[in-house]
Amino acid sequence: MNKYELLYIISSDLAEEQREALIKKVASMVEAKGGKVEGTDKWGMKKLAYPINFKNEGFYVLMNVEMNPQEIDAMSKLMNITEGIIRQMFVRK
């Protein structure tokens with residue numbers, strides 16, 4: 001298993017309770033794929049470099065995870081269709 005940084009942006013339209021539920025959902029998705037969440041860092045609302053889906057702000061979350069490399073692509077596709085997540089990016093440490 002390799003260590004990765006997962007950075008994703010949550011839509012600014014979601015309320016705080018919905019954001020927290022989405023962060024827990026992503027953590028459970030990682031664990032369902034056989035991974036382990038080592039830490040979660042909430043960066044908060046930040047201005048986007050360019051508009052995405054007509055939005056100029058997003059809530060940034062950085063997760064340190066340990067996962068099998070074969071599961072990264074499936075996890076990325078799953079996050080792309082998850083409601084509320086604007087962008088996501090995996091980076092191997």
# chains A, B, ... in the order shown; residues from 1 in each chain; ligands from 1
$ select_by_dssp --residues "chain A" --states "helix (DSSP H, G or I)" --output "PyMOL selection string"
chain A and resi 16-32+69-80
$ residues_around --residues "Ser12 (chain A)" --least-positions-apart "4" --cutoff "9 Å" --atoms "only C-alpha atoms" --output "ChimeraX atom specification"
/A:45,55-59,84
$ residues_around --residues "region 2-9 of chain A" --least-positions-apart "5" --cutoff "7 Å" --atoms "only C-alpha atoms" --output "list in words"
Gly58, Phe59, Tyr60, Val61, Leu62, Met63, Asn64, Val65, Glu66, Met67, Asn68, Pro69, Ile85, Ile86, Arg87, Gln88, Met89, Phe90, Val91, Arg92 and Lys93 of chain A
$ residues_around --residues "Ala27 (chain A)" --least-positions-apart "3" --cutoff "10 Å" --atoms "only C-alpha atoms" --output "ChimeraX atom specification"
/A:21-24,30-32,35-40,63,65
$ atom_distance --atom1 "CA of Met79 (chain A)" --atom2 "CA of Ala49 (chain A)"
20.8 Å
$ select_by_dssp --residues "region 25-82 of chain A" --states "strand (DSSP E or B)" --output "VMD selection string"
chain A and resid 36 to 52 55 to 67
$ atom_distance --atom1 "CA of Arg19 (chain A)" --atom2 "CA of Asp73 (chain A)"
23.4 Å
$ closest_residue --among "A:Ser76, A:Trp43, A:Glu83, A:Tyr50" --to "Asp13 (chain A)" --atoms "only C-alpha atoms"
A:Glu83
